[in-house]
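Chemist: Have a peek at query.tsv (TSV, C-alpha atoms).
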chain	number	residue	atom	x	y	z
A	1	MET	CA	16.20	118.16	69.76
A	2	ASN	CA	17.42	120.50	67.12
A	3	PRO	CA	20.88	119.25	66.10
A	4	GLN	CA	21.99	122.73	65.07
A	5	ARG	CA	21.19	123.98	68.52
A	6	MET	CA	22.83	120.99	70.16
A	7	HIS	CA	26.15	121.89	68.59
A	8	GLU	CA	25.95	125.63	68.59
A	9	ASN	CA	28.72	125.95	71.18
A	10	ASP	CA	31.12	123.69	69.33
A	11	ASP	CA	33.46	125.86	67.35
A	12	PRO	CA	36.12	123.92	65.47
A	13	HIS	CA	38.33	127.00	65.50
A	14	SER	CA	38.49	127.06	69.27
A	15	SER	CA	41.14	124.34	69.24
A	16	GLN	CA	43.29	126.57	67.08
A	17	ASP	CA	42.69	129.31	69.63
A	18	TRP	CA	44.18	127.11	72.33
A	19	LEU	CA	47.28	126.47	70.29
A	20	ARG	CA	47.64	130.21	69.72
A	21	ILE	CA	47.25	130.92	73.44
A	22	LEU	CA	49.93	128.38	74.20
A	23	SER	CA	52.46	129.73	71.77
A	24	GLU	CA	51.73	133.31	72.82
A	25	HIS	CA	52.01	132.83	76.57
A	26	GLY	CA	54.27	129.79	76.89
A	27	PRO	CA	57.60	131.60	77.37
A	28	GLY	CA	56.21	133.96	80.03
A	29	LEU	CA	54.53	131.11	81.86
A	30	LEU	CA	57.72	129.08	81.87
A	31	LEU	CA	59.69	132.05	83.20
A	32	PHE	CA	57.08	132.41	85.94
A	33	ALA	CA	57.25	128.72	86.82
A	34	ARG	CA	61.02	129.01	87.02
A	35	GLN	CA	60.56	131.27	90.02
A	36	PHE	CA	59.50	128.19	91.95
A	37	LEU	CA	61.10	125.23	90.26
A	38	ASP	CA	64.11	124.01	88.35
A	39	HIS	CA	63.94	123.95	84.58
A	40	ALA	CA	62.53	120.46	84.08
A	41	ARG	CA	59.89	120.71	86.79
A	42	ALA	CA	58.94	124.20	85.64
A	43	GLN	CA	58.05	122.66	82.30
A	44	ASP	CA	55.89	120.13	84.13
A	45	ALA	CA	54.14	122.95	85.97
A	46	VAL	CA	53.38	124.84	82.75
A	47	GLN	CA	52.07	121.68	81.17
A	48	GLU	CA	49.88	120.82	84.14
A	49	GLY	CA	48.66	124.38	84.65
A	50	PHE	CA	47.71	124.78	81.03
A	51	LEU	CA	45.92	121.46	80.96
A	52	ARG	CA	43.88	122.45	84.00
A	53	VAL	CA	42.77	125.66	82.32
A	54	TRP	CA	42.14	123.89	79.04
A	55	ARG	CA	39.87	121.32	80.67
A	56	ARG	CA	37.92	123.93	82.61
A	57	ASP	CA	37.59	127.07	80.50
A	58	LYS	CA	36.73	128.24	77.01
A	59	PRO	CA	39.48	130.01	75.10
A	60	GLU	CA	37.66	133.33	75.13
A	61	ALA	CA	37.51	133.19	78.92
A	62	VAL	CA	41.24	132.63	79.34
A	63	SER	CA	43.35	135.50	80.58
A	64	LYS	CA	47.05	135.67	81.29
A	65	ALA	CA	46.24	136.06	84.99
A	66	LEU	CA	44.20	132.87	84.91
A	67	LEU	CA	47.00	130.95	83.21
A	68	CYS	CA	49.60	132.30	85.64
A	69	ARG	CA	47.43	131.34	88.57
A	70	ALA	CA	46.98	127.80	87.24
A	71	VAL	CA	50.70	127.42	86.58
A	72	ARG	CA	51.51	128.75	90.06
A	73	THR	CA	49.09	126.28	91.66
A	74	ALA	CA	50.60	123.44	89.65
A	75	ALA	CA	54.12	124.57	90.59
A	76	LEU	CA	53.24	124.68	94.28
A	77	ASP	CA	51.59	121.26	94.02
A	78	ILE	CA	54.79	119.90	92.53
A	79	LEU	CA	56.81	121.49	95.31
A	80	ARG	CA	54.50	120.02	97.91
A	81	SER	CA	54.49	116.58	96.38
A	82	ASN	CA	58.26	116.55	96.30
A	83	ARG	CA	58.56	118.04	99.75
A	84	ARG	CA	61.13	120.46	98.47
A	85	ARG	CA	59.64	123.76	99.43
A	86	SER	CA	62.91	124.60	101.13
A	87	GLN	CA	64.57	124.42	97.72
A	88	ARG	CA	62.43	127.19	96.35
A	89	GLU	CA	65.27	129.68	96.62
A	90	GLU	CA	68.06	127.47	95.37
A	91	ASN	CA	65.95	126.12	92.51
A	92	TYR	CA	65.94	129.52	90.98
A	93	ALA	CA	69.69	129.99	90.73
A	94	THR	CA	70.30	127.32	88.15
A	95	GLU	CA	72.50	127.49	85.13
A	96	GLN	CA	69.72	127.75	82.53
A	97	PRO	CA	69.34	131.24	81.01
A	98	LEU	CA	66.00	132.90	81.65
A	99	PHE	CA	66.15	135.96	79.44
A	100	VAL	CA	67.04	137.11	75.96
A	101	GLU	CA	67.41	140.61	74.61
A	102	THR	CA	64.24	141.60	72.82
A	103	ALA	CA	65.28	145.21	72.14
A	104	SER	CA	68.72	146.67	71.51
A	105	GLY	CA	70.43	149.17	73.76
A	106	GLY	CA	69.37	147.58	77.03
A	107	GLU	CA	71.26	148.83	80.05
A	108	PHE	CA	71.46	145.43	81.74
A	109	SER	CA	72.51	142.04	80.52
A	110	SER	CA	70.33	138.98	81.02
A	111	GLU	CA	72.93	137.50	83.39
A	112	GLU	CA	72.95	140.62	85.53
A	113	VAL	CA	69.17	140.68	85.78
A	114	GLN	CA	69.00	136.99	86.52
A	115	ARG	CA	71.57	137.28	89.31
A	116	ALA	CA	69.79	140.30	90.80
A	117	LEU	CA	66.40	138.58	90.67
A	118	ALA	CA	67.84	135.57	92.46
A	119	LYS	CA	68.65	137.79	95.42
A	120	LEU	CA	65.04	138.91	95.88
A	121	PRO	CA	62.64	137.05	98.16
A	122	ALA	CA	60.46	134.68	96.16
A	123	GLU	CA	57.25	136.63	96.79
A	124	GLN	CA	58.80	139.80	95.36
A	125	ARG	CA	60.36	137.96	92.47
A	126	GLU	CA	57.09	136.47	91.31
A	127	VAL	CA	55.38	139.85	91.40
A	128	VAL	CA	58.14	141.38	89.27
A	129	VAL	CA	58.01	138.54	86.76
A	130	LEU	CA	54.24	138.82	86.45
A	131	ARG	CA	54.31	142.59	86.01
A	132	LEU	CA	57.33	143.01	83.76
A	133	TRP	CA	57.53	139.87	81.70
A	134	ASN	CA	53.94	138.68	81.68
A	135	ASP	CA	52.47	142.18	81.25
A	136	LEU	CA	49.99	141.83	84.07
A	137	THR	CA	48.49	144.84	85.77
A	138	ILE	CA	48.50	145.12	89.56
A	139	ALA	CA	44.95	143.75	89.53
A	140	GLY	CA	45.94	140.93	87.16
A	141	ALA	CA	48.92	139.96	89.30
A	142	ALA	CA	46.69	140.03	92.37
A	143	GLU	CA	44.28	137.68	90.63
A	144	ALA	CA	47.12	135.38	89.59
A	145	LEU	CA	48.59	135.25	93.07
A	146	GLY	CA	45.34	135.27	95.02
A	147	ILE	CA	46.42	138.21	97.18
A	148	PRO	CA	45.09	141.77	97.56
A	149	PRO	CA	46.17	144.34	94.96
A	150	ASN	CA	47.65	146.56	97.67
A	151	THR	CA	49.98	143.75	98.69
A	152	VAL	CA	51.04	143.27	95.08
A	153	ALA	CA	51.70	146.98	94.69
A	154	SER	CA	53.83	147.23	97.80
A	155	ARG	CA	55.78	144.08	96.99
A	156	TYR	CA	56.37	145.37	93.49
A	157	ARG	CA	57.61	148.75	94.67
A	158	LEU	CA	59.98	147.09	97.12
A	159	ALA	CA	61.21	144.64	94.50
A	160	ILE	CA	61.90	147.33	91.90
A	161	SER	CA	63.75	149.42	94.41
A	162	LYS	CA	65.91	146.47	95.48
A	163	LEU	CA	66.52	145.42	91.90
A	164	LYS	CA	67.66	148.89	90.98
A	165	GLN	CA	70.04	148.93	93.91
A	166	LEU	CA	71.44	145.51	93.09
A	167	LEU	CA	71.92	146.22	89.40
A	168	ARG	CA	73.51	149.62	89.93
A	169	HIS	CA	75.80	148.10	92.51
A	170	GLU	CA	76.75	145.29	90.15
A	171	GLN	CA	77.53	147.72	87.35
A	172	SER	CA	79.64	149.96	89.52
B	1	MET	CA	57.90	162.65	81.22
B	2	SER	CA	58.43	159.15	82.56
B	3	SER	CA	59.34	158.58	86.18
B	4	PRO	CA	62.79	157.16	87.03
B	5	ASP	CA	61.18	153.87	88.02
B	6	SER	CA	59.31	153.45	84.75
B	7	GLU	CA	62.55	154.24	82.90
B	8	PHE	CA	64.25	151.50	84.91
B	9	GLU	CA	61.35	149.14	84.27
B	10	SER	CA	61.48	149.75	80.53
B	11	GLN	CA	65.18	148.91	80.61
B	12	LEU	CA	64.34	145.61	82.29
B	13	LYS	CA	61.62	144.97	79.74
B	14	LYS	CA	64.15	145.09	76.97
B	15	LEU	CA	64.87	141.57	78.11
B	16	GLY	CA	62.23	138.97	77.45
B	17	PRO	CA	61.64	135.38	78.50
B	18	VAL	CA	63.73	132.85	76.62
B	19	PRO	CA	61.55	131.46	73.82
B	20	LEU	CA	60.60	127.85	74.21
B	21	PRO	CA	62.75	125.59	72.08
B	22	THR	CA	60.56	123.49	69.86
B	23	GLU	CA	61.35	120.24	71.61
B	24	ILE	CA	60.48	121.71	75.01
B	25	ALA	CA	57.30	123.30	73.68
B	26	ASP	CA	56.36	119.97	72.16
B	27	ARG	CA	56.98	118.23	75.45
B	28	ILE	CA	54.96	120.75	77.40
B	29	LEU	CA	52.13	120.78	74.93
B	30	ALA	CA	52.06	117.10	74.05
B	31	PRO	CA	49.14	116.15	76.31
B	32	CYS	CA	47.14	119.17	75.13
B	33	ARG	CA	47.89	118.47	71.50
B	34	ASN	CA	46.83	114.85	71.88
B	35	GLN	CA	43.60	115.92	73.46
B	36	LEU	CA	43.15	118.73	70.96
B	37	ASP	CA	43.58	116.28	68.14
B	38	GLN	CA	40.91	114.09	69.65
B	39	ARG	CA	38.66	117.09	70.07
B	40	LEU	CA	39.25	118.13	66.46
B	41	GLU	CA	38.32	114.66	65.35
B	42	GLY	CA	35.21	115.02	67.46
B	43	PHE	CA	34.42	118.27	65.67
B	44	ALA	CA	34.89	116.61	62.29
B	45	TRP	CA	32.51	113.89	63.37
B	46	GLN	CA	29.97	116.41	64.63
B	47	ALA	CA	30.21	118.45	61.44
B	48	PHE	CA	29.62	115.27	59.48
B	49	LEU	CA	26.51	114.50	61.47
B	50	ARG	CA	25.33	118.08	61.38
B	51	ASN	CA	25.50	118.10	57.60
B	52	LEU	CA	23.53	114.90	57.48
B	53	PHE	CA	20.89	116.16	59.88
B	54	ALA	CA	20.62	119.38	57.90
B	55	ARG	CA	19.31	117.41	54.93
B	56	PRO	CA	15.58	117.56	54.38
B	57	GLU	CA	15.27	113.82	54.77
B	58	PRO	CA	16.48	112.81	58.28
B	59	GLY	CA	16.60	109.21	57.21
B	60	TRP	CA	19.88	109.98	55.49
B	61	ALA	CA	21.52	110.64	58.80
B	62	VAL	CA	20.14	107.56	60.45
B	63	ALA	CA	21.13	105.41	57.50
B	64	ALA	CA	24.64	106.77	57.51
B	65	ILE	CA	25.04	106.16	61.24
B	66	PHE	CA	23.84	102.61	60.77
B	67	ALA	CA	26.32	102.19	57.95
B	68	VAL	CA	29.21	103.41	60.08
B	69	LEU	CA	28.20	101.12	62.91
B	70	LEU	CA	27.97	98.30	60.44
B	71	VAL	CA	31.50	98.66	59.13
B	72	ALA	CA	32.91	99.48	62.56
B	73	ARG	CA	32.03	96.10	63.99
B	74	PRO	CA	35.08	94.23	65.34
B	75	PRO	CA	36.61	91.61	63.05
B	76	SER	CA	35.65	88.05	63.66
B	77	PRO	CA	38.29	85.79	65.25
B	78	GLY	CA	40.73	84.36	62.74
B	79	SER	CA	40.11	87.02	60.15
B	80	PRO	CA	43.03	88.90	58.60
B	81	LYS	CA	44.48	91.76	60.63
B	82	GLN	CA	42.11	94.70	60.37
B	83	ASN	CA	41.44	97.94	62.12
B	84	THR	CA	39.89	96.99	65.40
B	85	ALA	CA	37.67	100.00	65.70
B	86	SER	CA	35.42	99.67	68.69
B	87	SER	CA	33.15	102.59	67.97
B	88	SER	CA	31.76	104.41	65.00
B	89	GLN	CA	33.85	107.45	65.80
B	90	ALA	CA	37.05	105.43	65.89
B	91	THR	CA	36.56	104.39	62.32
B	92	LEU	CA	36.72	108.00	61.27
B	93	THR	CA	39.97	108.86	63.01
B	94	ARG	CA	42.43	110.69	60.86
B	95	ASP	CA	45.37	108.35	61.36
B	96	ASN	CA	43.60	105.06	61.06
B	97	PRO	CA	40.62	105.45	58.85
B	98	SER	CA	38.76	102.45	57.69
B	99	VAL	CA	35.86	104.33	56.20
B	100	ARG	CA	36.42	107.26	53.93
B	101	LEU	CA	33.19	108.15	52.29
B	102	ILE	CA	29.62	107.29	52.93
B	103	ILE	CA	26.86	108.02	50.49
B	104	ALA	CA	23.37	107.00	51.37
B	105	SER	CA	20.86	106.64	48.61
B	106	GLU	CA	17.37	108.05	48.64
B	107	PRO	CA	15.08	105.79	50.67
B	108	GLN	CA	13.97	102.86	48.59
B	109	GLY	CA	10.59	102.15	50.00
B	110	LEU	CA	9.23	100.47	53.05
B	111	ILE	CA	9.81	96.81	53.73
B	112	GLU	CA	9.15	94.59	56.66
B	113	GLY	CA	12.17	94.07	58.91
B	114	ARG	CA	13.25	90.90	60.72
B	115	ASN	CA	11.07	91.47	63.74
B	116	GLY	CA	8.10	92.40	61.65
B	117	GLU	CA	8.64	96.12	62.13
B	118	LEU	CA	8.33	98.37	59.11
B	119	ALA	CA	11.69	99.67	57.96
B	120	ARG	CA	12.89	102.01	55.29
B	121	GLN	CA	15.56	100.64	53.02
B	122	TYR	CA	18.68	102.56	52.03
B	123	ARG	CA	21.56	101.59	49.82
B	124	VAL	CA	24.76	102.87	51.35
B	125	SER	CA	28.06	103.16	49.48
B	126	TYR	CA	31.34	103.68	51.24
B	127	LEU	CA	35.05	103.35	50.75
B	128	ASP	CA	36.35	100.58	52.97
B	129	LYS	CA	40.04	100.86	53.86
B	130	SER	CA	40.08	98.04	56.36
B	131	GLN	CA	40.98	95.27	53.94
B	132	ASN	CA	44.65	94.30	53.98
B	133	ASP	CA	46.32	92.18	51.35
B	134	ARG	CA	48.80	89.40	52.17
B	135	GLU	CA	51.67	91.89	52.49
B	136	GLY	CA	49.69	93.96	54.94
B	137	ASN	CA	49.06	96.82	52.52
B	138	VAL	CA	45.77	98.59	52.87
B	139	ASN	CA	43.50	98.23	49.88
B	140	SER	CA	40.72	100.73	49.56
B	141	ARG	CA	37.61	99.09	48.24
B	142	ALA	CA	34.29	100.58	47.34
B	143	ARG	CA	31.57	98.65	49.06
B	144	GLU	CA	27.85	98.78	49.22
B	145	GLU	CA	25.44	97.67	51.91
B	146	VAL	CA	21.71	97.71	52.22
B	147	VAL	CA	20.65	99.27	55.50
B	148	LEU	CA	17.27	98.97	57.07
B	149	VAL	CA	16.19	101.83	59.27
B	150	PRO	CA	13.14	101.03	61.40
B	151	VAL	CA	10.37	103.54	60.84
B	152	SER	CA	10.13	104.01	64.61
B	153	LEU	CA	13.48	105.82	64.48
B	154	TYR	CA	12.15	108.60	62.33
For this file, produce the structure as structure tokens.

Modeler:
Amino acid sequence: MNPQRMHENDDPHSSQDWLRILSEHGPGLLLFARQFLDHARAQDAVQEGFLRVWRRDKPEAVSKALLCRAVRTAALDILRSNRRRSQREENYATEQPLFVETASGGEFSSEEVQRALAKLPAEQREVVVLRLWNDLTIAGAAEALGIPPNTVASRYRLAISKLKQLLRHEQS
Amino acid sequence: MSSPDSEFESQLKKLGPVPLPTEIADRILAPCRNQLDQRLEGFAWQAFLRNLFARPEPGWAVAAIFAVLLVARPPSPGSPKQNTASSSQATLTRDNPSVRLIIASEPQGLIEGRNGELARQYRVSYLDKSQNDREGNVNSRAREEVVLVPVSLY
């Protein structure tokens, strides 16, 4: 066997790629996991989800949708194993801040957005978080959630409309 | 012109996810980092072998592998505390190296091995870091071994 050929797929830089992927997507993934779990268990879900992807895929094959899907699966597994699915709603409204201002002149504060998000049904909330704060397209969010794109689109429209209502109401 | 909804969405996007504090990122990534480290060590090992195999004389590679196996053998009972490497790769780990450098000489002719098989003889030099003094400090020591590589392995 030709040793060069044997090792042609082993790229030492790929490990650095994984570290870059983690630092790039970590905050968005944690925010997504927080839609299902409290802060500590959300961290567990991100860890587990990332590990699953890391074991299975090459860095060049990893997309945000894939990572989100793996984190969601891990989060749901944690919920199932703890038999706390009923806490899905109350888990969200915890004291830990979820957002920071990344651009000045924003109309809404992070607390206002967090409170408004908490009032959405979980399935709408996760779509909004994937679209707005993980930069997924409708198709990407559909891939992450394992549901049809049309469903994502309608949930997203509903969620945005409700969020707008809630935030305007809060400000008035 | 942007639609009212996209204006609203861009307002929401002025908020971003809270960055991961270092200690939380470390906690989340710890298992990956541990495995990545191991994988990186694997890459270092593979690169080492690849370089050896790339040499015109493949006997170099075989001799070097034999040398690593030789120095990676577990310490005998009662010997001073040493690295208890159980495999050749373990001896090359970054945090606990017992072998730093291996240089195999040009083959020094054919001789007859123990079982009567023809073998090529190499002189292998390496830096052994597995020897501790009485205070437990690691003393690097240049060592040399003669390695016999059976001709059948070529």

Chemist: What does the distance from atom CA of Arg41 of chain A to atom CA of Pro17 of chain B come to in Å, to one decimal?

Modeler: 16.9 Å

Chemist: Go through chain A residue by residue and, counting only C-alpha atoms, keep those with an atom at most 8 Å from chain B; for each kept residue give the shortest atom pair and its distance in Å to one decimal, ordered by chain and increasing number, as CSV.

Modeler:
residue,atom,partner,partner_atom,distance
A:Pro3,CA,B:Arg50,CA,6.6
A:Gln4,CA,B:Arg50,CA,6.8
A:His7,CA,B:Gln46,CA,7.8
A:Asp10,CA,B:Phe43,CA,7.3
A:Asp11,CA,B:Phe43,CA,7.8
A:Pro12,CA,B:Phe43,CA,5.9
A:Ser15,CA,B:Leu36,CA,6.2
A:Leu22,CA,B:Leu29,CA,7.9
A:Gly26,CA,B:Leu20,CA,7.1
A:Pro27,CA,B:Pro19,CA,5.3
A:Gly28,CA,B:Pro17,CA,5.8
A:Leu31,CA,B:Pro17,CA,6.1
A:Gln43,CA,B:Ile28,CA,6.1
A:Asp44,CA,B:Ile28,CA,6.8
A:Val46,CA,B:Ile28,CA,6.9
A:Gln47,CA,B:Ile28,CA,4.8
A:Leu51,CA,B:Cys32,CA,6.4
A:Trp54,CA,B:Cys32,CA,7.9
A:Pro97,CA,B:Val18,CA,7.3
A:Leu98,CA,B:Val18,CA,5.5
A:Phe99,CA,B:Pro17,CA,4.6
A:Val100,CA,B:Gly16,CA,5.4
A:Glu101,CA,B:Leu15,CA,4.4
A:Thr102,CA,B:Leu15,CA,5.3
A:Ala103,CA,B:Lys14,CA,5.0
A:Ser104,CA,B:Lys14,CA,7.3
A:Gly106,CA,B:Gln11,CA,5.7
A:Glu107,CA,B:Gln11,CA,6.1
A:Phe108,CA,B:Leu12,CA,7.1
A:Ser110,CA,B:Leu15,CA,6.7
A:Val113,CA,B:Leu12,CA,7.7
A:Leu132,CA,B:Lys13,CA,6.2
A:Trp133,CA,B:Gly16,CA,6.4
A:Ile160,CA,B:Asp5,CA,7.6
A:Lys164,CA,B:Phe8,CA,7.4

Chemist: Would you pick out the contacts of Ala74 of chain A at 8 Å or less, using all atoms listed in the file, so that residues sharing its chain but fewer than 2 positions from it are not included, and give the list as a list in words?

Modeler: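 My list of contacting residues is Ala45, Val46, Glu48, Gly49, Ala70, Val71, Arg72, Leu76, Asp77 and Ile78 of chain A.
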
Chemist: Given all atoms listed in the file as the basis, pick out the residue of A:Ile138, A:Val127, A:Ala42, A:Leu120 nearest to Leu167 of chain A.

Modeler: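 For Leu167 of chain A, the nearest of the given residues is A:Leu120.
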
Chemist: Suppose you want the space between atom CA of Val152 of chain A and atom CA of Gln35 of chain A; what is it in Å?

Modeler: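 If I compute the distance from atom CA of Val152 of chain A to atom CA of Gln35 of chain A, I get 16.1 Å.
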
Chemist: What is the distance, in Å and to one decimal place, between atom CA of Arg157 of chain A and atom CA of Arg131 of chain A?

Modeler: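 Computed distance, atom CA of Arg157 of chain A to atom CA of Arg131 of chain A, equals 11.1 Å.
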